[in-house]
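This report refers to the structure that appears directly beneath it.
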Amino acid sequence: MSRIEQRFAALKAENRPALVTFIMAGDPDLATGQAILNALPQAGADIIELGMPFSDPMADGLAIQLGGQRALAAGQTLLGVLGMVEEFRRKDENTPIVLMGYYNPIYSFGVEKFLVQAKEAGVDGLIVVDLPPEEDDELCLPALKAGINFIRLTTPTTDDKRLPAVLKNTSGFVYYVSMTGVTGAAIKSRGAVGEAVDRIKGHTDLPVAVGFGIKTAEDAAEIGRHADGIVVGSVLVEAVRTSLVDGKATDKTVDAVRTIVADLSSGVKRARS
């Protein structure tokens with residue numbers, strides 16, 4: 001059983017959804033990014049998504065785009081992202097880490113080399129936004145063979161005819177994107193999200209986590225009544241931005257993220273109470 005599977009099983013026994021937190025690796029600088037990553041589990045994060053910064057994203061809203069640009073300007077690389085995971089694992093062997101990003105940097109790095117080093121660093125899963133199921137031979141199947149979960153996105157436009165293809169090689173959990181569009185917008189109908197989660201669960205036994213548009217503890221508690229996980233990213237990356245002075249980290253930067261994660265954690269813990 002993978003770390004991700006173990007974590008969802010443990011949370012199911014607690015009858016609560018997972019809090020999945022996204023940060024951009026190396027934002028706003030390499031040292032502060034590492035400090036933020038290291039602080040997430042104690043603040044309440046159950047699973048961590050670590051963004052691999054990319055200069056030409058397609059699913060990221062403005063907040064995460066800017067976070068990626070800050071990380072790249074600070075000198076972040078794909079090898080540096082793996083180094084962050086390796087450093088995190090020196091103190092935390094239990095919290096699952098999922099790398100999220102785009103295929104181009106992995107392709108340029110070399111798929112086989114990337115998977116070997118990712119596994120050695122302690123990466124548990126991948127979300128690669130721009131690789132559809134028809135391209136599973138590129139990365140999905142090699143990742144599964146290497147013992148790394150491959151998490152797939154589904155959206156409101158993924159109908160019952162398309163879902164089996166999307167779910168075929170998905171493992172760890174299913175990531176349901178709550179809206180059409182990019183990260184950072186607000187959810188228009190929480191009821192519709194719940195119906196969509198129930199529909200996906202009719203096709204798979206995997207946990208279903210919901211992301212895009214979740215900003216508050218109230219959102220987390222409401223969506224968590226149906227979903228097995230809540231994914232929060234833009235509000236955390238935006239908290240990094242607003243803590244900066246002249247573009248530089250301050251003594252408030254890590255705490256700004258930690259405070260929001262703790263609040264969101266309170267939301268998922270009361271989702272089914």
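Here, A, B, ... name the chains of the structure tokens in the order displayed, residue numbers run from 1 inside each chain, and ligands are numbered from 1 in the same displayed order.
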
Set out as a tab-separated table a contact list for stretch 228-250 of chain A and stretch 205-220 of chain A with a cut-off of 10 Å, giving each residue of stretch 228-250 of chain A that qualifies its closest atom pair and distance in Å to one decimal, counting only C-alpha atoms, ordered by chain and rising residue number.
residue	atom	partner	partner_atom	distance
A:Asp228	CA	A:Val208	CA	5.2
A:Gly229	CA	A:Ala209	CA	4.0
A:Ile230	CA	A:Val210	CA	5.2
A:Val231	CA	A:Gly211	CA	4.4
A:Val232	CA	A:Ile214	CA	5.9
A:Gly233	CA	A:Phe212	CA	7.8
A:Ser234	CA	A:Lys215	CA	7.8
A:Val235	CA	A:Lys215	CA	5.9
A:Leu236	CA	A:Lys215	CA	8.8

Using the selection just defined, write its residues with N, CA, C and O atoms as a PDB file, in the first residue's frame.
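Listed below is the output, out.pdb:
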ATOM      1  N   ASP A 228     -13.619  12.993  -0.624  1.00  0.00           N
ATOM      2  CA  ASP A 228     -12.651  12.322   0.244  1.00  0.00           C
ATOM      3  C   ASP A 228     -11.445  13.216   0.526  1.00  0.00           C
ATOM      4  O   ASP A 228     -10.638  12.893   1.389  1.00  0.00           O
ATOM      5  N   GLY A 229     -11.333  14.294  -0.219  1.00  0.00           N
ATOM      6  CA  GLY A 229     -10.230  15.217   0.001  1.00  0.00           C
ATOM      7  C   GLY A 229     -10.570  16.600  -0.525  1.00  0.00           C
ATOM      8  O   GLY A 229     -11.376  16.753  -1.443  1.00  0.00           O
ATOM      9  N   ILE A 230      -9.933  17.593   0.080  1.00  0.00           N
ATOM     10  CA  ILE A 230     -10.099  18.991  -0.324  1.00  0.00           C
ATOM     11  C   ILE A 230      -8.731  19.505  -0.737  1.00  0.00           C
ATOM     12  O   ILE A 230      -7.780  19.406   0.038  1.00  0.00           O
ATOM     13  N   VAL A 231      -8.624  20.044  -1.954  1.00  0.00           N
ATOM     14  CA  VAL A 231      -7.341  20.541  -2.439  1.00  0.00           C
ATOM     15  C   VAL A 231      -7.371  22.070  -2.427  1.00  0.00           C
ATOM     16  O   VAL A 231      -8.266  22.679  -3.022  1.00  0.00           O
ATOM     17  N   VAL A 232      -6.390  22.666  -1.767  1.00  0.00           N
ATOM     18  CA  VAL A 232      -6.338  24.127  -1.657  1.00  0.00           C
ATOM     19  C   VAL A 232      -4.965  24.605  -2.120  1.00  0.00           C
ATOM     20  O   VAL A 232      -3.942  24.096  -1.646  1.00  0.00           O
ATOM     21  N   GLY A 233      -4.946  25.572  -3.045  1.00  0.00           N
ATOM     22  CA  GLY A 233      -3.673  26.040  -3.556  1.00  0.00           C
ATOM     23  C   GLY A 233      -3.562  27.541  -3.690  1.00  0.00           C
ATOM     24  O   GLY A 233      -2.716  28.174  -3.053  1.00  0.00           O
ATOM     25  N   SER A 234      -4.453  28.144  -4.473  1.00  0.00           N
ATOM     26  CA  SER A 234      -4.296  29.569  -4.804  1.00  0.00           C
ATOM     27  C   SER A 234      -4.247  30.455  -3.564  1.00  0.00           C
ATOM     28  O   SER A 234      -3.452  31.403  -3.495  1.00  0.00           O
ATOM     29  N   VAL A 235      -5.090  30.149  -2.560  1.00  0.00           N
ATOM     30  CA  VAL A 235      -5.132  31.006  -1.378  1.00  0.00           C
ATOM     31  C   VAL A 235      -3.807  30.925  -0.607  1.00  0.00           C
ATOM     32  O   VAL A 235      -3.389  31.916   0.022  1.00  0.00           O
ATOM     33  N   LEU A 236      -3.130  29.798  -0.675  1.00  0.00           N
ATOM     34  CA  LEU A 236      -1.839  29.656   0.010  1.00  0.00           C
ATOM     35  C   LEU A 236      -0.735  30.391  -0.750  1.00  0.00           C
ATOM     36  O   LEU A 236       0.113  31.063  -0.153  1.00  0.00           O
TER      37      LEU A 236
END

So that I can see what lies close to A:Asn149, please list as a VMD selection string the residues with an atom at most 10 Å from it, counting only C-alpha atoms and leaving out residues fewer than 2 positions away in the same chain.
chain A and resid 2 to 5 98 123 to 127 140 to 141 143 to 147 151 to 152 169 to 173

Report the closest atom pair, with its distance in Å rounded to one decimal, for each residue of stretch 47-112 of chain A that has an atom no farther than 10 Å from stretch 34-39 of chain A; count only C-alpha atoms, sort by chain and then rising residue number, and write it as JSON lines.
{"residue": "A:Ile48", "atom": "CA", "partner": "A:Leu37", "partner_atom": "CA", "distance": 8.2}
{"residue": "A:Glu49", "atom": "CA", "partner": "A:Leu37", "partner_atom": "CA", "distance": 9.7}
{"residue": "A:Leu50", "atom": "CA", "partner": "A:Leu37", "partner_atom": "CA", "distance": 8.3}
{"residue": "A:Val81", "atom": "CA", "partner": "A:Gln34", "partner_atom": "CA", "distance": 9.6}
{"residue": "A:Gly83", "atom": "CA", "partner": "A:Gln34", "partner_atom": "CA", "distance": 9.7}
{"residue": "A:Met84", "atom": "CA", "partner": "A:Gln34", "partner_atom": "CA", "distance": 6.3}
{"residue": "A:Val85", "atom": "CA", "partner": "A:Leu37", "partner_atom": "CA", "distance": 8.8}
{"residue": "A:Glu87", "atom": "CA", "partner": "A:Gln34", "partner_atom": "CA", "distance": 8.2}
{"residue": "A:Phe88", "atom": "CA", "partner": "A:Asn38", "partner_atom": "CA", "distance": 6.0}
{"residue": "A:Arg89", "atom": "CA", "partner": "A:Asn38", "partner_atom": "CA", "distance": 9.2}
{"residue": "A:Lys91", "atom": "CA", "partner": "A:Asn38", "partner_atom": "CA", "distance": 8.4}
{"residue": "A:Asp92", "atom": "CA", "partner": "A:Asn38", "partner_atom": "CA", "distance": 8.4}

Output file for the residues above (N, CA and C atoms, as a short mmCIF file (atom, residue, chain, number, x, y, z; two decimals), in the first residue's frame):
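That gives us selection.cif:
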data_model
loop_
_atom_site.label_atom_id
_atom_site.label_comp_id
_atom_site.auth_asym_id
_atom_site.auth_seq_id
_atom_site.Cartn_x
_atom_site.Cartn_y
_atom_site.Cartn_z
N ILE A 48 0.52 16.66 0.54
CA ILE A 48 1.10 17.89 -0.01
C ILE A 48 1.26 17.75 -1.52
N GLU A 49 0.73 18.74 -2.24
CA GLU A 49 1.03 18.87 -3.66
C GLU A 49 2.12 19.94 -3.79
N LEU A 50 3.20 19.57 -4.46
CA LEU A 50 4.32 20.48 -4.64
C LEU A 50 4.41 20.85 -6.11
N VAL A 81 13.48 20.84 -7.14
CA VAL A 81 12.22 20.38 -6.56
C VAL A 81 12.41 19.01 -5.89
N GLY A 83 15.16 17.88 -4.78
CA GLY A 83 15.98 18.12 -3.59
C GLY A 83 15.16 18.58 -2.41
N MET A 84 14.11 19.38 -2.67
CA MET A 84 13.22 19.81 -1.58
C MET A 84 12.53 18.60 -0.95
N VAL A 85 12.09 17.68 -1.80
CA VAL A 85 11.40 16.49 -1.27
C VAL A 85 12.37 15.66 -0.44
N GLU A 87 14.97 16.67 1.19
CA GLU A 87 15.21 17.36 2.46
C GLU A 87 14.01 17.18 3.41
N PHE A 88 12.80 17.28 2.86
CA PHE A 88 11.58 17.09 3.67
C PHE A 88 11.56 15.69 4.29
N ARG A 89 11.97 14.70 3.51
CA ARG A 89 11.93 13.31 3.98
C ARG A 89 12.91 13.03 5.12
N LYS A 91 12.93 14.50 7.79
CA LYS A 91 12.20 14.66 9.05
C LYS A 91 10.78 14.11 9.00
N ASP A 92 10.29 13.79 7.81
CA ASP A 92 8.90 13.32 7.70
C ASP A 92 8.84 12.17 6.70
#

Which polymer residues have any atom within 7 Å of an atom of A:Ile47, counting only C-alpha atoms, with same-chain residues fewer than 2 positions away left out, as number ranges by chain?
A: 19-21, 45, 49, 95-97

Would you give me, as a VMD selection string, the residues in stretch 14-189 of chain A that DSSP reads as strand (DSSP E)?
chain A and resid 18 to 24 47 to 51 97 to 101 125 to 128 149 to 150 152 to 154 174 to 177

Take the selection from the previous step and output its residues with N, CA, C and O atoms, as a compact mmCIF listing (two decimals), in the first residue's frame.
# COMPACT_ATOMS: atom_id res chain seq x y z
N ALA A 18 -9.45 14.39 3.56
CA ALA A 18 -8.05 14.83 3.64
C ALA A 18 -7.95 16.31 3.27
O ALA A 18 -8.69 16.79 2.42
N LEU A 19 -7.03 16.99 3.92
CA LEU A 19 -6.67 18.34 3.48
C LEU A 19 -5.41 18.23 2.63
O LEU A 19 -4.34 17.85 3.13
N VAL A 20 -5.56 18.53 1.36
CA VAL A 20 -4.45 18.46 0.40
C VAL A 20 -4.03 19.89 0.10
O VAL A 20 -4.83 20.69 -0.39
N THR A 21 -2.79 20.23 0.41
CA THR A 21 -2.34 21.62 0.25
C THR A 21 -1.32 21.72 -0.88
O THR A 21 -0.37 20.93 -0.95
N PHE A 22 -1.52 22.71 -1.73
CA PHE A 22 -0.59 22.97 -2.85
C PHE A 22 0.25 24.19 -2.53
O PHE A 22 -0.28 25.25 -2.14
N ILE A 23 1.56 24.06 -2.70
CA ILE A 23 2.45 25.22 -2.72
C ILE A 23 3.36 25.10 -3.94
O ILE A 23 3.52 24.02 -4.49
N MET A 24 3.91 26.22 -4.35
CA MET A 24 4.85 26.20 -5.47
C MET A 24 6.27 26.01 -4.92
O MET A 24 6.70 26.76 -4.03
N ILE A 47 -1.91 15.70 2.93
CA ILE A 47 -1.18 15.37 1.71
C ILE A 47 -0.67 16.68 1.12
O ILE A 47 -1.36 17.70 1.19
N ILE A 48 0.52 16.66 0.54
CA ILE A 48 1.10 17.89 -0.01
C ILE A 48 1.26 17.75 -1.52
O ILE A 48 1.82 16.77 -2.00
N GLU A 49 0.73 18.74 -2.24
CA GLU A 49 1.03 18.87 -3.66
C GLU A 49 2.12 19.94 -3.79
O GLU A 49 1.97 21.05 -3.28
N LEU A 50 3.20 19.57 -4.46
CA LEU A 50 4.32 20.48 -4.64
C LEU A 50 4.41 20.85 -6.11
O LEU A 50 4.65 19.98 -6.96
N GLY A 51 4.17 22.11 -6.40
CA GLY A 51 4.17 22.56 -7.78
C GLY A 51 5.57 22.59 -8.38
O GLY A 51 6.51 23.06 -7.75
N ILE A 97 3.68 13.12 -0.67
CA ILE A 97 3.98 14.28 -1.51
C ILE A 97 3.69 13.93 -2.97
O ILE A 97 4.17 12.92 -3.48
N VAL A 98 2.90 14.79 -3.60
CA VAL A 98 2.55 14.64 -5.01
C VAL A 98 3.13 15.82 -5.78
O VAL A 98 2.90 16.97 -5.41
N LEU A 99 3.90 15.56 -6.80
CA LEU A 99 4.41 16.64 -7.65
C LEU A 99 3.37 16.97 -8.71
O LEU A 99 2.81 16.07 -9.34
N MET A 100 3.11 18.27 -8.90
CA MET A 100 2.09 18.70 -9.86
C MET A 100 2.71 19.69 -10.84
O MET A 100 3.37 20.64 -10.44
N GLY A 101 2.48 19.45 -12.12
CA GLY A 101 3.02 20.38 -13.11
C GLY A 101 2.73 19.92 -14.52
O GLY A 101 1.67 19.34 -14.79
N GLY A 125 3.48 10.59 -5.75
CA GLY A 125 2.53 10.66 -6.85
C GLY A 125 2.85 11.79 -7.79
O GLY A 125 3.62 12.70 -7.47
N LEU A 126 2.24 11.73 -8.97
CA LEU A 126 2.41 12.77 -9.99
C LEU A 126 1.05 13.23 -10.49
O LEU A 126 0.14 12.40 -10.68
N ILE A 127 0.91 14.52 -10.71
CA ILE A 127 -0.21 15.08 -11.46
C ILE A 127 0.42 15.89 -12.59
O ILE A 127 1.09 16.90 -12.34
N VAL A 128 0.25 15.42 -13.80
CA VAL A 128 0.83 16.11 -14.97
C VAL A 128 -0.34 16.53 -15.85
O VAL A 128 -0.98 15.71 -16.51
N ASN A 149 2.32 6.75 -7.77
CA ASN A 149 0.93 6.91 -8.19
C ASN A 149 0.82 7.98 -9.27
O ASN A 149 1.55 8.97 -9.26
N PHE A 150 -0.13 7.77 -10.20
CA PHE A 150 -0.39 8.77 -11.24
C PHE A 150 -1.83 9.22 -11.06
O PHE A 150 -2.77 8.46 -11.29
N ARG A 152 -5.08 11.51 -11.88
CA ARG A 152 -5.63 12.13 -13.08
C ARG A 152 -6.69 13.16 -12.69
O ARG A 152 -7.42 13.00 -11.73
N LEU A 153 -6.78 14.21 -13.48
CA LEU A 153 -7.81 15.23 -13.29
C LEU A 153 -9.08 14.84 -14.04
O LEU A 153 -9.01 14.35 -15.17
N THR A 154 -10.24 15.06 -13.42
CA THR A 154 -11.51 15.03 -14.12
C THR A 154 -12.16 16.40 -13.93
O THR A 154 -11.86 17.11 -12.98
N VAL A 174 -8.49 10.38 -7.28
CA VAL A 174 -8.96 11.12 -8.45
C VAL A 174 -9.10 12.58 -8.04
O VAL A 174 -9.66 12.89 -6.99
N TYR A 175 -8.60 13.47 -8.88
CA TYR A 175 -8.67 14.91 -8.59
C TYR A 175 -9.81 15.48 -9.44
O TYR A 175 -9.70 15.53 -10.65
N TYR A 176 -10.90 15.90 -8.76
CA TYR A 176 -12.01 16.52 -9.50
C TYR A 176 -11.86 18.03 -9.50
O TYR A 176 -11.86 18.67 -8.44
N VAL A 177 -11.72 18.59 -10.68
CA VAL A 177 -11.63 20.04 -10.85
C VAL A 177 -13.05 20.59 -10.83
O VAL A 177 -13.88 20.26 -11.68

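You will find atom CA of A:Glu112 at 7.9 Å from atom CA of A:Pro142.
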
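Atom CA of A:Arg90 lies 28.8 Å from atom CA of A:Asn104.
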
Can you list, as a PDB file with N, CA, C and O atoms, in the first residue's frame, every protein, DNA or RNA residue that comes within 12 Å of A:Thr157 when you count only C-alpha atoms, leaving out same-chain residues fewer than 4 positions away?
ATOM      1  N   LEU A 153      -6.776  14.213 -13.483  1.00  0.00           N
ATOM      2  CA  LEU A 153      -7.807  15.229 -13.295  1.00  0.00           C
ATOM      3  C   LEU A 153      -9.078  14.842 -14.042  1.00  0.00           C
ATOM      4  O   LEU A 153      -9.011  14.351 -15.174  1.00  0.00           O
ATOM      5  N   LYS A 161     -19.148   8.787 -20.556  1.00  0.00           N
ATOM      6  CA  LYS A 161     -18.504   8.060 -21.657  1.00  0.00           C
ATOM      7  C   LYS A 161     -16.989   8.192 -21.586  1.00  0.00           C
ATOM      8  O   LYS A 161     -16.246   7.254 -21.893  1.00  0.00           O
ATOM      9  N   ARG A 162     -16.508   9.356 -21.149  1.00  0.00           N
ATOM     10  CA  ARG A 162     -15.069   9.619 -21.104  1.00  0.00           C
ATOM     11  C   ARG A 162     -14.430   9.097 -19.806  1.00  0.00           C
ATOM     12  O   ARG A 162     -13.256   8.728 -19.785  1.00  0.00           O
ATOM     13  N   LEU A 163     -15.200   9.052 -18.720  1.00  0.00           N
ATOM     14  CA  LEU A 163     -14.637   8.729 -17.410  1.00  0.00           C
ATOM     15  C   LEU A 163     -13.844   7.411 -17.371  1.00  0.00           C
ATOM     16  O   LEU A 163     -12.753   7.370 -16.790  1.00  0.00           O
ATOM     17  N   TYR A 176     -10.900  15.904  -8.765  1.00  0.00           N
ATOM     18  CA  TYR A 176     -12.010  16.518  -9.495  1.00  0.00           C
ATOM     19  C   TYR A 176     -11.856  18.029  -9.500  1.00  0.00           C
ATOM     20  O   TYR A 176     -11.860  18.673  -8.437  1.00  0.00           O
ATOM     21  N   VAL A 177     -11.720  18.592 -10.682  1.00  0.00           N
ATOM     22  CA  VAL A 177     -11.630  20.042 -10.854  1.00  0.00           C
ATOM     23  C   VAL A 177     -13.054  20.595 -10.828  1.00  0.00           C
ATOM     24  O   VAL A 177     -13.877  20.260 -11.680  1.00  0.00           O
ATOM     25  N   SER A 178     -13.349  21.444  -9.861  1.00  0.00           N
ATOM     26  CA  SER A 178     -14.733  21.807  -9.576  1.00  0.00           C
ATOM     27  C   SER A 178     -15.361  22.752 -10.580  1.00  0.00           C
ATOM     28  O   SER A 178     -16.548  23.069 -10.468  1.00  0.00           O
ATOM     29  N   MET A 179     -14.584  23.235 -11.548  1.00  0.00           N
ATOM     30  CA  MET A 179     -15.127  24.229 -12.483  1.00  0.00           C
ATOM     31  C   MET A 179     -14.385  24.135 -13.803  1.00  0.00           C
ATOM     32  O   MET A 179     -13.295  23.564 -13.884  1.00  0.00           O
ATOM     33  N   THR A 180     -14.971  24.702 -14.831  1.00  0.00           N
ATOM     34  CA  THR A 180     -14.235  24.898 -16.073  1.00  0.00           C
ATOM     35  C   THR A 180     -13.483  26.210 -15.943  1.00  0.00           C
ATOM     36  O   THR A 180     -14.019  27.197 -15.453  1.00  0.00           O
ATOM     37  N   GLY A 181     -12.226  26.230 -16.326  1.00  0.00           N
ATOM     38  CA  GLY A 181     -11.425  27.437 -16.189  1.00  0.00           C
ATOM     39  C   GLY A 181     -10.131  27.121 -15.472  1.00  0.00           C
ATOM     40  O   GLY A 181      -9.688  25.971 -15.444  1.00  0.00           O
ATOM     41  N   ALA A 196     -21.381  15.776  -8.630  1.00  0.00           N
ATOM     42  CA  ALA A 196     -20.315  15.292  -9.511  1.00  0.00           C
ATOM     43  C   ALA A 196     -19.431  14.261  -8.806  1.00  0.00           C
ATOM     44  O   ALA A 196     -19.037  13.257  -9.396  1.00  0.00           O
TER      45      ALA A 196
END

Residues within 9 Å of A:Leu72, please, as an MDAnalysis selection string. Count only C-alpha atoms; anything in the same chain fewer than 2 positions from it doesn't count.
chainID A and resid 26:27 29 53:55 67:70 74:77

If you keep C-alpha atoms, can you produce a file of those selected residues as a PDB file, in the first residue's frame?
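The file below, selection_20.pdb, is the result:
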ATOM      1  CA  GLY A  26      10.839  27.459  -4.291  1.00  0.00           C
ATOM      2  CA  ASP A  27       8.343  30.300  -3.845  1.00  0.00           C
ATOM      3  CA  ASP A  29      12.886  31.796  -2.612  1.00  0.00           C
ATOM      4  CA  PRO A  53       7.306  25.742 -11.671  1.00  0.00           C
ATOM      5  CA  PHE A  54       6.815  26.074 -15.415  1.00  0.00           C
ATOM      6  CA  SER A  55       6.989  29.151 -17.603  1.00  0.00           C
ATOM      7  CA  GLY A  67       4.214  31.920  -7.679  1.00  0.00           C
ATOM      8  CA  GLY A  68       5.814  29.909 -10.466  1.00  0.00           C
ATOM      9  CA  GLN A  69       7.525  32.995 -11.837  1.00  0.00           C
ATOM     10  CA  ARG A  70       8.898  33.891  -8.389  1.00  0.00           C
ATOM     11  CA  ALA A  74      14.791  32.429  -7.475  1.00  0.00           C
ATOM     12  CA  GLY A  75      16.599  29.726  -9.415  1.00  0.00           C
ATOM     13  CA  GLN A  76      14.294  26.757  -8.932  1.00  0.00           C
ATOM     14  CA  THR A  77      14.791  23.754 -11.211  1.00  0.00           C
TER      15      THR A  77
END
